[in-house]
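Data first, discussion second: the structure below is written as structure tokens.
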Amino acid sequence: MSLHIGDIAPDFTVDSQVGEISFHEWAGDSWVFFFSHPADFTPVCTTEMGRTAQLAGEFEKRNTKPLGLSTDTADEHRKWIADVNDTQNTDLQFPIVADADLEISKLYDMIHPDESETAAVRSVFIIGPNKKIRLTMTYPMSVGRNFDEILRVIDALQLSDAKRIATPADWKPGKEVIIPPSISDDEARPLFPQGWTTLRPYLRTVKID
Ligand code: BEZ
């Protein structure tokens with residue numbers, strides 16, 4: 001199934017190393033960082049799981065729950081997590097979906113046959129509290145993800161929701177943002193009383209707190 005930004009993230013009930021999860025109920029009012037991995041006991045995946053666990057506080061600050069997926073069983077996940085904690089010096093607490101039968105991987109289009117017929121690629125879904133998909137990214141098996149970028153896009157999405165702005169290339173928190181063309185100057189005045197810079201009528205930048 002091909003999923004697009006704005007689609008409702010499909011619900012599912014599945015086993016994990018911390019017990020059964022009903023996805024929408026588990027997500028509650030939080031954002032979700034749902035990310036897939038080819039297999040347990042593999043090196044790149046081990047570093048990614050470790051990094052996510054190390055960043056638990058950063059995800060919590062953003063009201064975002066990490067949810068992993070790997071195409072192995074919950075028992076294998078438990079054994080692998082002991083290795084992740086040991087080698088990556090962390091304490092992994094978030095659930096990892098046990099998707100040995102590939103049901104969820106297929107539901108979320110995480111099987112890319114040229115990479116593997118039997119294991120998920122490195123997909124990312126950022127899902128909002130209303131369960132809508134807000135961002136997708138797909139990495140091949142050989143490339144580990146950049147977790148600074150994961151946190152950055154969550155920040156950008158949450159800021160764009162709160163302030164009706166867009167973010168420019170390479171934006172980082174604290175940098176200038178963009179007033180989207182859908183907001184006229186008249187509409188922008190009360191939203192951005194601090195004023196803005198007009199480089200072109202369609203390119204207006206503004207500093208926000
Ligand atoms: C890894 O996590 O290291 C990995 C998994 C599958 C294929 C290639 C690398």
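Naming works like this for the structure tokens: A, B, ... for the chains as they're shown, residue 1 at the start of each chain, ligands 1 onward in shown order.
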
Could you list, as JSON, numbers by chain, all protein and nucleic acid residues with an atom at most 7 Å from ligand 1, counting only C-alpha atoms and all ligand atoms?
{"A": [38, 39, 42, 43, 44, 45, 46, 141, 142]}

Those in chain A with strand (DSSP E) from DSSP, as a PyMOL selection string
chain A and resi 13-14+21-22+31-37+64-70+96-98+122-127+133-139+177-179+197-200+203-206

Nearest-residue call for Gly50 (chain A), choices A:Thr71, A:Asn89, A:Asn63, A:Ser16, using only C-alpha atoms
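Looking only at the distances to Gly50 (chain A), the closest residue turns out to be A:Asn89.
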
DSSP-assigned alpha helix (DSSP H) among region 28-122 of chain A, expressed as a PyMOL selection string:
chain A and resi 43-54+56-61+74-88+103-107

Show which residues sit within 12 Å of region 158-162 of chain A, as a PyMOL selection string. Count only C-alpha atoms, and ignore same-chain residues fewer than 5 positions away.
chain A and resi 30-31+61-64+126-129+134-135+151-153+167-168+171-180+191+208-209

Find the residues near Val97 (chain A): any atom within 7 Å, counting only C-alpha atoms, skip ones fewer than 6 places away on the same chain, and give them as a PyMOL selection string.
chain A and resi 14-16+68-70

Next, dump the selected residues to file, keeping only N, CA, C and O atoms, as a PDB file, in the first residue's frame.
```
ATOM      1  N   VAL A  14      -0.408  -5.384  17.048  1.00  0.00           N
ATOM      2  CA  VAL A  14       0.762  -6.218  16.744  1.00  0.00           C
ATOM      3  C   VAL A  14       1.543  -6.479  18.018  1.00  0.00           C
ATOM      4  O   VAL A  14       1.434  -5.713  18.989  1.00  0.00           O
ATOM      5  N   ASP A  15       2.334  -7.518  18.006  1.00  0.00           N
ATOM      6  CA  ASP A  15       3.193  -7.828  19.154  1.00  0.00           C
ATOM      7  C   ASP A  15       4.461  -6.966  19.098  1.00  0.00           C
ATOM      8  O   ASP A  15       4.895  -6.554  18.015  1.00  0.00           O
ATOM      9  N   SER A  16       5.024  -6.700  20.266  1.00  0.00           N
ATOM     10  CA  SER A  16       6.314  -6.004  20.363  1.00  0.00           C
ATOM     11  C   SER A  16       7.043  -6.599  21.562  1.00  0.00           C
ATOM     12  O   SER A  16       6.463  -7.416  22.283  1.00  0.00           O
ATOM     13  N   GLY A  68       9.791   1.564  16.760  1.00  0.00           N
ATOM     14  CA  GLY A  68      10.613   0.857  15.776  1.00  0.00           C
ATOM     15  C   GLY A  68       9.832  -0.281  15.146  1.00  0.00           C
ATOM     16  O   GLY A  68       8.742  -0.641  15.589  1.00  0.00           O
ATOM     17  N   LEU A  69      10.395  -0.825  14.108  1.00  0.00           N
ATOM     18  CA  LEU A  69       9.852  -2.050  13.479  1.00  0.00           C
ATOM     19  C   LEU A  69      11.038  -2.813  12.929  1.00  0.00           C
ATOM     20  O   LEU A  69      11.930  -2.230  12.300  1.00  0.00           O
ATOM     21  N   SER A  70      11.064  -4.090  13.199  1.00  0.00           N
ATOM     22  CA  SER A  70      12.068  -4.942  12.572  1.00  0.00           C
ATOM     23  C   SER A  70      11.392  -6.264  12.240  1.00  0.00           C
ATOM     24  O   SER A  70      10.477  -6.709  12.954  1.00  0.00           O
TER      25      SER A  70
END
```

Using Å and a single decimal, report how far CA of Glu20 (chain A) sits from CA of Thr52 (chain A).
20.8 Å

Distance query Ile183 (chain A) at most 12 Å, only C-alpha atoms, self and fewer than 2 positions along chain excluded, as a list in words
Lys163, Arg164, Ile165, Ala166, Ile178, Ile179, Pro180, Pro181, Asp185, Asp186, Glu187, Ala188, Arg189, Pro190, Leu191, Phe192, Pro201, Tyr202, Leu203 and Arg204 of chain A

Output the selection as a PDB file, in the first residue's frame - N, CA and C atoms for each residue.
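Now in selection14.pdb:
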```pdb
ATOM      1  N   LYS A 163       2.857  28.391  14.072  1.00  0.00           N
ATOM      2  CA  LYS A 163       3.062  29.796  13.654  1.00  0.00           C
ATOM      3  C   LYS A 163       2.683  30.070  12.213  1.00  0.00           C
ATOM      4  N   ARG A 164       2.154  29.111  11.523  1.00  0.00           N
ATOM      5  CA  ARG A 164       1.754  29.270  10.103  1.00  0.00           C
ATOM      6  C   ARG A 164       2.921  29.735   9.237  1.00  0.00           C
ATOM      7  N   ILE A 165       4.064  29.132   9.429  1.00  0.00           N
ATOM      8  CA  ILE A 165       5.242  29.508   8.634  1.00  0.00           C
ATOM      9  C   ILE A 165       5.716  28.278   7.846  1.00  0.00           C
ATOM     10  N   ALA A 166       6.682  28.509   6.958  1.00  0.00           N
ATOM     11  CA  ALA A 166       7.401  27.410   6.314  1.00  0.00           C
ATOM     12  C   ALA A 166       8.880  27.594   6.661  1.00  0.00           C
ATOM     13  N   ILE A 178       9.999  31.430   6.813  1.00  0.00           N
ATOM     14  CA  ILE A 178       9.383  32.002   5.606  1.00  0.00           C
ATOM     15  C   ILE A 178       7.882  32.180   5.824  1.00  0.00           C
ATOM     16  N   ILE A 179       7.370  33.310   5.343  1.00  0.00           N
ATOM     17  CA  ILE A 179       5.910  33.501   5.335  1.00  0.00           C
ATOM     18  C   ILE A 179       5.395  32.879   4.032  1.00  0.00           C
ATOM     19  N   PRO A 180       4.544  31.875   4.120  1.00  0.00           N
ATOM     20  CA  PRO A 180       4.104  31.177   2.897  1.00  0.00           C
ATOM     21  C   PRO A 180       3.313  32.109   1.976  1.00  0.00           C
ATOM     22  N   PRO A 181       3.415  31.904   0.663  1.00  0.00           N
ATOM     23  CA  PRO A 181       2.687  32.744  -0.294  1.00  0.00           C
ATOM     24  C   PRO A 181       1.174  32.735  -0.084  1.00  0.00           C
ATOM     25  N   ASP A 185       0.094  39.939   2.507  1.00  0.00           N
ATOM     26  CA  ASP A 185       0.716  40.925   3.407  1.00  0.00           C
ATOM     27  C   ASP A 185      -0.280  41.397   4.466  1.00  0.00           C
ATOM     28  N   ASP A 186      -1.527  41.635   4.036  1.00  0.00           N
ATOM     29  CA  ASP A 186      -2.540  42.115   4.993  1.00  0.00           C
ATOM     30  C   ASP A 186      -2.777  41.095   6.097  1.00  0.00           C
ATOM     31  N   GLU A 187      -2.832  39.831   5.707  1.00  0.00           N
ATOM     32  CA  GLU A 187      -3.043  38.778   6.705  1.00  0.00           C
ATOM     33  C   GLU A 187      -1.798  38.601   7.575  1.00  0.00           C
ATOM     34  N   ALA A 188      -0.634  38.835   6.979  1.00  0.00           N
ATOM     35  CA  ALA A 188       0.628  38.616   7.707  1.00  0.00           C
ATOM     36  C   ALA A 188       0.852  39.654   8.805  1.00  0.00           C
ATOM     37  N   ARG A 189       0.341  40.889   8.598  1.00  0.00           N
ATOM     38  CA  ARG A 189       0.656  41.985   9.541  1.00  0.00           C
ATOM     39  C   ARG A 189       0.328  41.638  10.998  1.00  0.00           C
ATOM     40  N   PRO A 190      -0.897  41.172  11.313  1.00  0.00           N
ATOM     41  CA  PRO A 190      -1.148  40.829  12.723  1.00  0.00           C
ATOM     42  C   PRO A 190      -0.435  39.551  13.178  1.00  0.00           C
ATOM     43  N   LEU A 191      -0.118  38.677  12.214  1.00  0.00           N
ATOM     44  CA  LEU A 191       0.561  37.430  12.603  1.00  0.00           C
ATOM     45  C   LEU A 191       2.031  37.676  12.926  1.00  0.00           C
ATOM     46  N   PHE A 192       2.636  38.641  12.219  1.00  0.00           N
ATOM     47  CA  PHE A 192       4.077  38.914  12.375  1.00  0.00           C
ATOM     48  C   PHE A 192       4.280  40.410  12.613  1.00  0.00           C
ATOM     49  N   PRO A 201       8.096  39.376  -3.834  1.00  0.00           N
ATOM     50  CA  PRO A 201       6.747  39.276  -3.241  1.00  0.00           C
ATOM     51  C   PRO A 201       6.439  37.856  -2.747  1.00  0.00           C
ATOM     52  N   TYR A 202       7.041  36.855  -3.390  1.00  0.00           N
ATOM     53  CA  TYR A 202       6.778  35.465  -2.965  1.00  0.00           C
ATOM     54  C   TYR A 202       7.820  34.955  -1.961  1.00  0.00           C
ATOM     55  N   LEU A 203       8.811  35.779  -1.625  1.00  0.00           N
ATOM     56  CA  LEU A 203       9.888  35.325  -0.733  1.00  0.00           C
ATOM     57  C   LEU A 203      10.062  36.332   0.405  1.00  0.00           C
ATOM     58  N   ARG A 204       9.330  36.032   1.504  1.00  0.00           N
ATOM     59  CA  ARG A 204       9.365  36.923   2.666  1.00  0.00           C
ATOM     60  C   ARG A 204       9.923  36.138   3.861  1.00  0.00           C
TER      61      ARG A 204
END
```

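Among the candidates A:Phe147, A:Trp26, A:Phe94, A:Phe35, the one nearest to Arg122 (chain A) when counting only C-alpha atoms is A:Phe35.
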
Exercise: Gly6 (chain A) partners within 7 Å, only C-alpha atoms, chain neighbours under 2 positions left out, as number ranges by chain:
A: 4, 8, 132-134

Choose the residue, out of A:Ala56, A:Met137, A:Leu92, A:Leu107, that has the smallest atom-to-atom separation from Phe12 (chain A); count only C-alpha atoms.
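Smallest separation from Phe12 (chain A) among the options: A:Leu107.
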
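In terms of minimum interatomic distance to Asp83 (chain A), A:Thr47 ranks closest within A:Leu67, A:Ala100, A:Thr47, A:Leu157, counting only C-alpha atoms.
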
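Distance-wise, CA of Leu3 (chain A) and CA of Asp109 (chain A) end up 7.4 Å apart.
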